[in-house]
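To start, the structure under review is shown below, and the notes come after it.
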Amino acid sequence: MGLRNEADFLTVVGDRSSSIKAPLTNLSVLSKHSFLVRNLVRREVRGRYRNAALGYAWTVIEPTLLSVVYWFLFIMLAGNPDEYYAVWVLIGVIVWSCFGKSLMSSVTSLSSNTRTLHLVYFPRIIFPTTSAIANIVVTMMSSLVVIPIILAYGFPVTIHLVMIPVGIFLAGFLGLGLGIIFAPINCLQKDVEHLFRFIVRAGFFISPVMWTYEMALERGVFGEIVLWNPMVAPITMARHGLIGKWPEIPLHSIAYCLAFAIAVWITGSIVFHRFEREAVKHL
Amino acid sequence: MSNTVISIKNVVLNFPRRRGIVSMLLGFFKNTKRIYTALNGISLDINQGEIVGIIGTNGCGKSTLLRVISGIYPPDEGYCKVKGKISLLAGLGTGFSAHQTGRENAILYGSILGYSEKKIVGKLPEIVDFSELGEFIDEPIRTYSAGMKARLGLAVASAIQPDILLIDEVLGVGDPTFKKKSTDRIMEMVEEAGTVVIVSHSFGMLSKLCDRIVLIDKGEIVDVGPPSSVIDTYHERASNRKKG
């Protein structure tokens, strides 16, 4: 028994698992650290609305006010939309903001946690994931706004309403996947963050937030083109769910959106795992 | 036969320097020449039960070495192997959430430091008691003074019982009374932990505590040995530097 065997009992510090396996590793990491994940999510959700007299009510007030503004803007520009237009915008704003906020918070997840990163080690995929989960939780709370809408417009209360949380989750998941691809680069150059802030703003207009899939269909070929936007499916799902029907968009476009979101997340996991360690040194 | 619990072999750690956009695109993530070598071929074996001090001038790589041991920075060359659970005691209270109460933050901080739920809940009364926060424990942490936050941080961090304890200049937080208590508590942890590595500038304490002291300069180990002789080397080098 020489020193060689002795050293075998020691384990190499740090995560040396292969990047290709990262998506699987991430899932096991999240279940292993579920207590930490829960606490970090709670910190983010609570921190956001503490010290405000209206507290969690802001989750509902914010999208409602935004919708009023967009509704007004649309009447000024296009005039006379359909009677539910304000509702469509509200749902669009809620689902889109889940995507936008998850994307931004994942992109900045490493650079905004510099202090913690330099003082404790735990798998870093936890940072973007918890911030995305926190955003999904907050958006789920804002989606409670559909209750007064259902009462006011007399929509049927059906099983189809589950499409609202499904759409929100899909949007948040998509944001997380895209975000973790770019989170390591954001440690090197903060330009990434500014670029993404622009992308979220611009994406707002090319996604069905202020318009709907049906409106695009009326413009002929646009109906086909917009389906390439992976955000069409989540938003339309939630809208159709609210009025009590399954999403009336081609099935393959839903499949496309799902596949897109999962592919992006797998890519993101691999990229994040591969570059996160080096990137942290740049902070 | 020696019982090594930390084995550091030829560890090199380079920090990148800020690069322009062009050179970044040319050599993305690759080490170009614009790097700063923080650790340059460090080799060190630490045995079970040893208390090792690390000294050196500011910026020589002491804290970086501790971060390599705790897994925060992956070495560019060489490796660092350890046996057992490691805990780095540095920057107490990292990740505190200003809007949550002291109790909630104790749980949050505990989970960040790697406690399981069962363990932290079990330790909670002890933590609350040690922090001496009284009824403030259920107030939001934004109402705390810096000293109170530090006390809570230490209370949580010191409840951990690692196999290997790494300490980076956290001795003596809070007001004088608590300072004494915190130093005592850390000494207690040092005794309880199997193996301890301390980075500090207080040579008096180090020479009392440590079995061995490592002197680092510019990312390289200059001297290793019994406290008194290494501290002498340090002073010698310091006075040489002043002269020359």
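Identifiers in this document derive from the order of the structure tokens: chains are assigned A, B, ..., residues are numbered from 1 separately in each chain, and ligands are numbered from 1 in order of occurrence.
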
- Task: For chain B, report every residue with an atom at most 8 Å from chain A (counting only C-alpha atoms), formatted as a PyMOL selection string.
- Result: chain B and resi 3-7+15-18+29+67-74+79-83+88+90-91+94-95+97-100+107-108+111-114+116-117

- Query: Could you pull the residues within 10 Å of segment 191-202 of chain A, counting only C-alpha atoms, minus those fewer than 2 positions along the same chain, as an MDAnalysis selection string?
  - Reply: chainID A and resid 96:97 99:101 103:105 107:108 111 179 182:189 204:207

What would the file look like if the residues just selected were written as a PDB file, in the first residue's frame with N, CA and C atoms?
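The resulting part05.pdb:
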ATOM      1  N   TRP A  96     -45.576  37.104 -21.924  1.00  0.00           N
ATOM      2  CA  TRP A  96     -44.331  37.661 -22.459  1.00  0.00           C
ATOM      3  C   TRP A  96     -43.389  38.111 -21.346  1.00  0.00           C
ATOM      4  N   SER A  97     -43.946  38.745 -20.306  1.00  0.00           N
ATOM      5  CA  SER A  97     -43.068  39.247 -19.250  1.00  0.00           C
ATOM      6  C   SER A  97     -42.411  38.090 -18.511  1.00  0.00           C
ATOM      7  N   PHE A  99     -41.394  35.360 -19.971  1.00  0.00           N
ATOM      8  CA  PHE A  99     -40.259  35.029 -20.830  1.00  0.00           C
ATOM      9  C   PHE A  99     -39.148  36.065 -20.678  1.00  0.00           C
ATOM     10  N   GLY A 100     -39.533  37.336 -20.806  1.00  0.00           N
ATOM     11  CA  GLY A 100     -38.534  38.405 -20.792  1.00  0.00           C
ATOM     12  C   GLY A 100     -37.766  38.451 -19.481  1.00  0.00           C
ATOM     13  N   LYS A 101     -38.497  38.338 -18.357  1.00  0.00           N
ATOM     14  CA  LYS A 101     -37.821  38.425 -17.064  1.00  0.00           C
ATOM     15  C   LYS A 101     -36.954  37.202 -16.799  1.00  0.00           C
ATOM     16  N   LEU A 103     -35.489  35.421 -19.054  1.00  0.00           N
ATOM     17  CA  LEU A 103     -34.328  35.557 -19.935  1.00  0.00           C
ATOM     18  C   LEU A 103     -33.309  36.517 -19.323  1.00  0.00           C
ATOM     19  N   MET A 104     -33.771  37.700 -18.931  1.00  0.00           N
ATOM     20  CA  MET A 104     -32.847  38.697 -18.383  1.00  0.00           C
ATOM     21  C   MET A 104     -32.190  38.205 -17.101  1.00  0.00           C
ATOM     22  N   SER A 105     -32.999  37.600 -16.228  1.00  0.00           N
ATOM     23  CA  SER A 105     -32.407  37.203 -14.947  1.00  0.00           C
ATOM     24  C   SER A 105     -31.450  36.030 -15.125  1.00  0.00           C
ATOM     25  N   VAL A 107     -29.558  35.572 -17.882  1.00  0.00           N
ATOM     26  CA  VAL A 107     -28.356  36.138 -18.504  1.00  0.00           C
ATOM     27  C   VAL A 107     -27.485  36.805 -17.437  1.00  0.00           C
ATOM     28  N   THR A 108     -28.116  37.503 -16.502  1.00  0.00           N
ATOM     29  CA  THR A 108     -27.338  38.226 -15.490  1.00  0.00           C
ATOM     30  C   THR A 108     -27.118  37.403 -14.227  1.00  0.00           C
ATOM     31  N   SER A 111     -23.335  37.291 -13.179  1.00  0.00           N
ATOM     32  CA  SER A 111     -22.710  38.583 -12.916  1.00  0.00           C
ATOM     33  C   SER A 111     -23.364  39.312 -11.747  1.00  0.00           C
ATOM     34  N   GLY A 179     -31.250  32.096 -21.789  1.00  0.00           N
ATOM     35  CA  GLY A 179     -30.435  32.882 -20.872  1.00  0.00           C
ATOM     36  C   GLY A 179     -29.149  32.189 -20.473  1.00  0.00           C
ATOM     37  N   PHE A 182     -26.089  32.405 -22.647  1.00  0.00           N
ATOM     38  CA  PHE A 182     -25.326  33.651 -22.702  1.00  0.00           C
ATOM     39  C   PHE A 182     -24.835  34.136 -21.338  1.00  0.00           C
ATOM     40  N   ALA A 183     -25.259  33.468 -20.263  1.00  0.00           N
ATOM     41  CA  ALA A 183     -24.830  33.914 -18.935  1.00  0.00           C
ATOM     42  C   ALA A 183     -23.305  33.926 -18.780  1.00  0.00           C
ATOM     43  N   PRO A 184     -22.578  32.884 -19.248  1.00  0.00           N
ATOM     44  CA  PRO A 184     -21.113  32.940 -19.083  1.00  0.00           C
ATOM     45  C   PRO A 184     -20.476  34.096 -19.851  1.00  0.00           C
ATOM     46  N   ILE A 185     -20.954  34.366 -21.064  1.00  0.00           N
ATOM     47  CA  ILE A 185     -20.341  35.460 -21.843  1.00  0.00           C
ATOM     48  C   ILE A 185     -20.598  36.789 -21.155  1.00  0.00           C
ATOM     49  N   ASN A 186     -21.724  36.895 -20.463  1.00  0.00           N
ATOM     50  CA  ASN A 186     -22.036  38.151 -19.799  1.00  0.00           C
ATOM     51  C   ASN A 186     -21.042  38.472 -18.684  1.00  0.00           C
ATOM     52  N   CYS A 187     -20.334  37.455 -18.185  1.00  0.00           N
ATOM     53  CA  CYS A 187     -19.312  37.720 -17.175  1.00  0.00           C
ATOM     54  C   CYS A 187     -18.116  38.413 -17.803  1.00  0.00           C
ATOM     55  N   LEU A 188     -17.875  38.141 -19.082  1.00  0.00           N
ATOM     56  CA  LEU A 188     -16.733  38.738 -19.770  1.00  0.00           C
ATOM     57  C   LEU A 188     -17.058  40.146 -20.229  1.00  0.00           C
ATOM     58  N   GLN A 189     -18.171  40.265 -20.881  1.00  0.00           N
ATOM     59  CA  GLN A 189     -18.549  41.552 -21.451  1.00  0.00           C
ATOM     60  C   GLN A 189     -20.000  41.841 -21.096  1.00  0.00           C
ATOM     61  N   PHE A 204     -40.879  41.861 -28.090  1.00  0.00           N
ATOM     62  CA  PHE A 204     -42.235  42.198 -27.667  1.00  0.00           C
ATOM     63  C   PHE A 204     -43.136  42.486 -28.875  1.00  0.00           C
ATOM     64  N   PHE A 205     -42.571  43.185 -29.869  1.00  0.00           N
ATOM     65  CA  PHE A 205     -43.401  43.596 -31.002  1.00  0.00           C
ATOM     66  C   PHE A 205     -43.540  42.504 -32.051  1.00  0.00           C
ATOM     67  N   ILE A 206     -42.494  41.654 -32.182  1.00  0.00           N
ATOM     68  CA  ILE A 206     -42.630  40.599 -33.180  1.00  0.00           C
ATOM     69  C   ILE A 206     -43.264  39.341 -32.595  1.00  0.00           C
ATOM     70  N   SER A 207     -43.624  39.404 -31.316  1.00  0.00           N
ATOM     71  CA  SER A 207     -44.363  38.291 -30.726  1.00  0.00           C
ATOM     72  C   SER A 207     -45.805  38.734 -30.532  1.00  0.00           C
TER      73      SER A 207
END

- Query: Leaving out Phe136 of chain B and any residue of its chain fewer than 5 positions from it, which residues lie within 10 Å of it when counting only C-alpha atoms, given as a list in words?
  - Reply: Thr101, Gly102, Arg103, Val128, Ile141, Thr143, Tyr144 and Met148 of chain B

- Task: Can you pull out every residue within 8 Å of Ile54 of chain B, counting only C-alpha atoms, but drop anything in the same chain fewer than 5 positions away, and send it as number ranges by chain?
- Result: B: 62, 197-200, 213-216

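Minimum atom-to-atom distances from A:Arg124, A:Arg239, A:Lys21, A:Lys190 to Ala86 of chain A were compared using only C-alpha atoms, and the lowest value belongs to A:Arg239.
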
- Query: Any idea what's packed within 12 Å of Leu152 of chain B, counting only C-alpha atoms, ignoring anything in its chain fewer than 6 positions away? Could you give it as JSON, numbers by chain?
  - Reply: {"B": [92, 93, 94, 96, 101, 102, 103, 104, 105, 106, 107, 108, 109, 110, 124, 126, 127, 128, 129, 130, 131, 132, 133, 134, 136, 137, 141, 144, 145, 146, 158, 159, 173, 174, 178, 182]}

For the selection you just gave me, I'd like the residues written to a file as a short mmCIF file (atom, residue, chain, number, x, y, z; two decimals), in the first residue's frame, keeping N, CA and C atoms.
data_model
loop_
_atom_site.label_atom_id
_atom_site.label_comp_id
_atom_site.auth_asym_id
_atom_site.auth_seq_id
_atom_site.Cartn_x
_atom_site.Cartn_y
_atom_site.Cartn_z
N LEU B 92 -18.80 36.49 6.07
CA LEU B 92 -19.97 35.99 6.79
C LEU B 92 -21.24 36.73 6.37
N GLY B 93 -22.28 35.98 6.15
CA GLY B 93 -23.56 36.59 5.84
C GLY B 93 -23.77 36.85 4.37
N THR B 94 -23.01 36.16 3.52
CA THR B 94 -23.20 36.30 2.08
C THR B 94 -24.59 35.80 1.69
N PHE B 96 -27.49 37.21 2.42
CA PHE B 96 -28.60 37.61 3.28
C PHE B 96 -29.61 38.39 2.47
N THR B 101 -36.72 37.94 7.71
CA THR B 101 -36.35 38.06 9.12
C THR B 101 -35.03 37.33 9.39
N GLY B 102 -34.49 37.58 10.57
CA GLY B 102 -33.24 36.93 10.96
C GLY B 102 -33.35 35.43 10.91
N ARG B 103 -34.50 34.93 11.38
CA ARG B 103 -34.70 33.49 11.40
C ARG B 103 -34.71 32.91 9.97
N GLU B 104 -35.46 33.60 9.10
CA GLU B 104 -35.53 33.13 7.71
C GLU B 104 -34.16 33.19 7.05
N ASN B 105 -33.42 34.25 7.38
CA ASN B 105 -32.09 34.39 6.81
C ASN B 105 -31.12 33.34 7.33
N ALA B 106 -31.31 32.95 8.58
CA ALA B 106 -30.45 31.89 9.13
C ALA B 106 -30.65 30.62 8.31
N ILE B 107 -31.91 30.33 7.97
CA ILE B 107 -32.20 29.14 7.18
C ILE B 107 -31.65 29.29 5.77
N LEU B 108 -31.85 30.48 5.20
CA LEU B 108 -31.36 30.75 3.84
C LEU B 108 -29.84 30.61 3.78
N TYR B 109 -29.16 31.28 4.70
CA TYR B 109 -27.69 31.25 4.73
C TYR B 109 -27.20 29.84 4.98
N GLY B 110 -27.89 29.14 5.87
CA GLY B 110 -27.53 27.75 6.15
C GLY B 110 -27.61 26.90 4.89
N LEU B 124 -31.23 25.49 14.67
CA LEU B 124 -31.78 26.84 14.75
C LEU B 124 -31.79 27.43 16.17
N GLU B 126 -29.92 26.81 18.66
CA GLU B 126 -28.53 27.07 19.03
C GLU B 126 -28.02 28.35 18.33
N ILE B 127 -28.39 28.49 17.06
CA ILE B 127 -27.96 29.65 16.28
C ILE B 127 -28.56 30.93 16.85
N VAL B 128 -29.86 30.89 17.12
CA VAL B 128 -30.56 32.05 17.66
C VAL B 128 -29.95 32.45 18.99
N ASP B 129 -29.66 31.45 19.80
CA ASP B 129 -29.10 31.69 21.11
C ASP B 129 -27.72 32.34 21.00
N PHE B 130 -26.89 31.78 20.13
CA PHE B 130 -25.53 32.27 20.01
C PHE B 130 -25.47 33.69 19.44
N SER B 131 -26.40 34.00 18.53
CA SER B 131 -26.35 35.31 17.87
C SER B 131 -26.72 36.46 18.80
N GLU B 132 -27.32 36.14 19.95
CA GLU B 132 -27.71 37.16 20.95
C GLU B 132 -28.58 38.25 20.36
N LEU B 133 -29.41 37.90 19.41
CA LEU B 133 -30.23 38.93 18.77
C LEU B 133 -31.55 39.15 19.51
N GLY B 134 -31.90 38.24 20.41
CA GLY B 134 -33.13 38.40 21.18
C GLY B 134 -34.34 38.47 20.28
N PHE B 136 -35.00 40.57 18.08
CA PHE B 136 -34.68 41.03 16.72
C PHE B 136 -34.65 39.89 15.71
N ILE B 137 -34.55 38.67 16.20
CA ILE B 137 -34.42 37.53 15.30
C ILE B 137 -35.65 37.43 14.38
N ILE B 141 -34.06 41.80 8.32
CA ILE B 141 -32.63 42.00 8.53
C ILE B 141 -32.18 43.41 8.14
N TYR B 144 -31.15 45.59 10.92
CA TYR B 144 -29.99 45.20 11.73
C TYR B 144 -28.82 46.15 11.49
N SER B 145 -27.98 46.25 12.51
CA SER B 145 -26.71 46.96 12.31
C SER B 145 -25.72 45.98 11.68
N ALA B 146 -24.59 46.52 11.21
CA ALA B 146 -23.60 45.67 10.57
C ALA B 146 -23.12 44.58 11.53
N SER B 158 -20.78 29.00 12.11
CA SER B 158 -20.03 28.23 13.09
C SER B 158 -20.80 27.01 13.57
N ALA B 159 -22.05 26.92 13.17
CA ALA B 159 -22.81 25.73 13.57
C ALA B 159 -22.47 24.54 12.67
N VAL B 173 -15.44 39.64 14.89
CA VAL B 173 -16.47 40.52 14.36
C VAL B 173 -17.30 41.06 15.52
N GLY B 174 -17.95 42.19 15.27
CA GLY B 174 -18.86 42.74 16.26
C GLY B 174 -18.17 43.59 17.32
N PHE B 178 -18.58 40.71 21.90
CA PHE B 178 -18.88 39.64 20.97
C PHE B 178 -17.62 39.18 20.25
N SER B 182 -16.72 35.56 19.60
CA SER B 182 -16.59 35.00 18.26
C SER B 182 -15.22 34.35 18.07
#

- Message: Residues near Tyr256 of chain A, anyone? I mean within 12 Å using only C-alpha atoms, not counting same-chain ones fewer than 6 positions away, as a list in words.
- Response: Leu227, Trp228, Asn229, Pro230, Met231, Val232, Ala233, Pro234, Ile249, Pro250, Ile262, Ala263 and Val264 of chain A

Write the residues of the selection above to a file with N, CA and C atoms, as a PDB file, in the first residue's frame.
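Generated file (again.pdb):
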ATOM      1  N   LEU A 227     -45.553  31.569 -37.048  1.00  0.00           N
ATOM      2  CA  LEU A 227     -45.472  30.309 -36.306  1.00  0.00           C
ATOM      3  C   LEU A 227     -44.021  29.900 -36.039  1.00  0.00           C
ATOM      4  N   TRP A 228     -43.095  30.502 -36.767  1.00  0.00           N
ATOM      5  CA  TRP A 228     -41.696  30.205 -36.494  1.00  0.00           C
ATOM      6  C   TRP A 228     -41.239  30.857 -35.201  1.00  0.00           C
ATOM      7  N   ASN A 229     -41.973  31.817 -34.723  1.00  0.00           N
ATOM      8  CA  ASN A 229     -41.635  32.443 -33.450  1.00  0.00           C
ATOM      9  C   ASN A 229     -42.088  31.518 -32.323  1.00  0.00           C
ATOM     10  N   PRO A 230     -41.129  30.979 -31.524  1.00  0.00           N
ATOM     11  CA  PRO A 230     -41.524  30.008 -30.498  1.00  0.00           C
ATOM     12  C   PRO A 230     -42.419  30.600 -29.409  1.00  0.00           C
ATOM     13  N   MET A 231     -42.561  31.925 -29.372  1.00  0.00           N
ATOM     14  CA  MET A 231     -43.420  32.508 -28.334  1.00  0.00           C
ATOM     15  C   MET A 231     -44.892  32.534 -28.747  1.00  0.00           C
ATOM     16  N   VAL A 232     -45.177  32.238 -30.020  1.00  0.00           N
ATOM     17  CA  VAL A 232     -46.578  32.253 -30.466  1.00  0.00           C
ATOM     18  C   VAL A 232     -47.370  31.175 -29.736  1.00  0.00           C
ATOM     19  N   ALA A 233     -46.784  29.986 -29.650  1.00  0.00           N
ATOM     20  CA  ALA A 233     -47.509  28.888 -29.023  1.00  0.00           C
ATOM     21  C   ALA A 233     -47.864  29.156 -27.557  1.00  0.00           C
ATOM     22  N   PRO A 234     -46.895  29.530 -26.687  1.00  0.00           N
ATOM     23  CA  PRO A 234     -47.276  29.734 -25.276  1.00  0.00           C
ATOM     24  C   PRO A 234     -48.352  30.809 -25.097  1.00  0.00           C
ATOM     25  N   ILE A 249     -54.039  26.278 -32.840  1.00  0.00           N
ATOM     26  CA  ILE A 249     -52.941  26.532 -33.759  1.00  0.00           C
ATOM     27  C   ILE A 249     -52.464  25.161 -34.218  1.00  0.00           C
ATOM     28  N   PRO A 250     -51.825  25.092 -35.381  1.00  0.00           N
ATOM     29  CA  PRO A 250     -51.419  23.775 -35.879  1.00  0.00           C
ATOM     30  C   PRO A 250     -50.635  23.009 -34.825  1.00  0.00           C
ATOM     31  N   ILE A 262     -36.887  22.770 -25.421  1.00  0.00           N
ATOM     32  CA  ILE A 262     -36.059  21.718 -24.825  1.00  0.00           C
ATOM     33  C   ILE A 262     -34.659  21.727 -25.443  1.00  0.00           C
ATOM     34  N   ALA A 263     -34.598  21.900 -26.764  1.00  0.00           N
ATOM     35  CA  ALA A 263     -33.288  21.936 -27.434  1.00  0.00           C
ATOM     36  C   ALA A 263     -32.457  23.099 -26.910  1.00  0.00           C
ATOM     37  N   VAL A 264     -33.099  24.251 -26.741  1.00  0.00           N
ATOM     38  CA  VAL A 264     -32.390  25.431 -26.247  1.00  0.00           C
ATOM     39  C   VAL A 264     -31.884  25.184 -24.823  1.00  0.00           C
TER      40      VAL A 264
END

- Message: Which residues are close to Tyr70 of chain A, i.e. within 9 Å by only C-alpha atoms, leaving aside same-chain residues fewer than 6 positions away? Reply as a list of chain:residue names.
- Response: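 Here the qualifying residues turn out to be A:Ala86, A:Val89, A:Leu90, A:Met210.
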
Can I get the selected residues back with C-alpha atoms, as a compact mmCIF listing (two decimals), in the first residue's frame?
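Result file is selection-v7.txt:
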# COMPACT_ATOMS: atom_id res chain seq x y z
CA ALA A 86 -57.90 44.16 -23.91
CA VAL A 89 -53.20 42.05 -24.56
CA LEU A 90 -53.29 41.38 -20.84
CA MET A 210 -50.21 43.42 -28.89

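Put simply, atom CA of Gly53 of chain B is 8.0 Å away from atom CA of Asp211 of chain B.
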
- Distance of atom CA of Cys210 of chain B from atom CA of Ile160 of chain B, expressed in Å to one decimal place: 21.2 Å

As a compact mmCIF listing (two decimals) with N, CA and C atoms, in the first residue's frame, please: all residues of segment 83-242 of chain B that backbone DSSP puts in strand (DSSP E or B).
# COMPACT_ATOMS: atom_id res chain seq x y z
N ILE B 86 -15.77 20.13 3.19
CA ILE B 86 -15.00 21.36 3.37
C ILE B 86 -15.94 22.52 3.63
N SER B 87 -15.50 23.44 4.48
CA SER B 87 -16.28 24.66 4.64
C SER B 87 -15.34 25.85 4.66
N LEU B 88 -15.65 26.84 3.85
CA LEU B 88 -14.84 28.05 3.81
C LEU B 88 -15.53 29.13 4.63
N LEU B 89 -14.83 29.60 5.64
CA LEU B 89 -15.38 30.64 6.49
C LEU B 89 -14.85 31.97 5.98
N THR B 101 -36.72 37.94 7.71
CA THR B 101 -36.35 38.06 9.12
C THR B 101 -35.03 37.33 9.39
N PRO B 140 -37.10 42.00 10.17
CA PRO B 140 -36.37 41.94 8.90
C PRO B 140 -34.93 42.38 9.08
N ILE B 164 -12.93 19.62 7.08
CA ILE B 164 -11.83 20.53 6.80
C ILE B 164 -12.39 21.96 6.88
N LEU B 165 -11.78 22.76 7.71
CA LEU B 165 -12.25 24.13 7.88
C LEU B 165 -11.24 25.10 7.28
N LEU B 166 -11.71 25.95 6.40
CA LEU B 166 -10.84 26.96 5.82
C LEU B 166 -11.29 28.32 6.36
N ILE B 167 -10.37 29.08 6.92
CA ILE B 167 -10.75 30.36 7.51
C ILE B 167 -10.00 31.49 6.81
N ASP B 168 -10.74 32.45 6.32
CA ASP B 168 -10.10 33.57 5.63
C ASP B 168 -10.40 34.87 6.38
N THR B 195 -9.20 19.19 10.40
CA THR B 195 -8.08 19.85 9.75
C THR B 195 -8.45 21.30 9.49
N VAL B 196 -7.51 22.21 9.69
CA VAL B 196 -7.82 23.62 9.53
C VAL B 196 -6.75 24.33 8.71
N VAL B 197 -7.18 25.17 7.80
CA VAL B 197 -6.25 26.04 7.09
C VAL B 197 -6.69 27.48 7.36
N ILE B 198 -5.79 28.29 7.90
CA ILE B 198 -6.15 29.66 8.26
C ILE B 198 -5.31 30.66 7.48
N VAL B 199 -5.97 31.61 6.86
CA VAL B 199 -5.28 32.73 6.26
C VAL B 199 -5.43 33.89 7.22
N ARG B 212 2.03 24.20 11.33
CA ARG B 212 2.92 24.56 10.22
C ARG B 212 2.44 25.88 9.66
N ILE B 213 3.36 26.65 9.10
CA ILE B 213 2.96 27.87 8.42
C ILE B 213 3.55 27.86 7.02
N VAL B 214 2.74 28.33 6.07
CA VAL B 214 3.18 28.39 4.68
C VAL B 214 3.30 29.86 4.31
N LEU B 215 4.45 30.23 3.76
CA LEU B 215 4.63 31.61 3.32
C LEU B 215 4.52 31.66 1.81
N ILE B 216 3.61 32.48 1.33
CA ILE B 216 3.40 32.58 -0.11
C ILE B 216 3.84 33.96 -0.58
N ASP B 217 4.52 33.99 -1.70
CA ASP B 217 4.86 35.27 -2.31
C ASP B 217 4.69 35.17 -3.81
N GLU B 220 3.76 31.83 -5.27
CA GLU B 220 4.61 30.65 -5.08
C GLU B 220 4.87 30.43 -3.60
N ILE B 221 5.06 29.18 -3.22
CA ILE B 221 5.39 28.89 -1.83
C ILE B 221 6.87 29.17 -1.63
N VAL B 222 7.16 30.06 -0.66
CA VAL B 222 8.55 30.44 -0.42
C VAL B 222 9.13 29.63 0.72
N ASP B 223 8.29 29.39 1.72
CA ASP B 223 8.80 28.70 2.90
C ASP B 223 7.66 27.95 3.58
N VAL B 224 7.99 26.76 4.07
CA VAL B 224 7.03 25.99 4.86
C VAL B 224 7.77 25.48 6.07
N GLY B 225 7.13 25.54 7.22
CA GLY B 225 7.82 25.00 8.39
C GLY B 225 7.15 25.39 9.68

- Message: Between atom CA of Tyr213 of chain A and atom CA of Leu77 of chain A, what is the distance in Å, rounded to a tenth?
- Response: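 Going from atom CA of Tyr213 of chain A over to atom CA of Leu77 of chain A, I get 18.6 Å.
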
- Message: Quick check for you: according to DSSP on this backbone, which residues of segment 54-275 of chain A are classed as alpha helix (DSSP H)? Reply as a PyMOL selection string.
- Response: chain A and resi 58-77+85-107+114-119+126-142+146-153+163-188+191-206+213-218+222-226+232-242+251-275
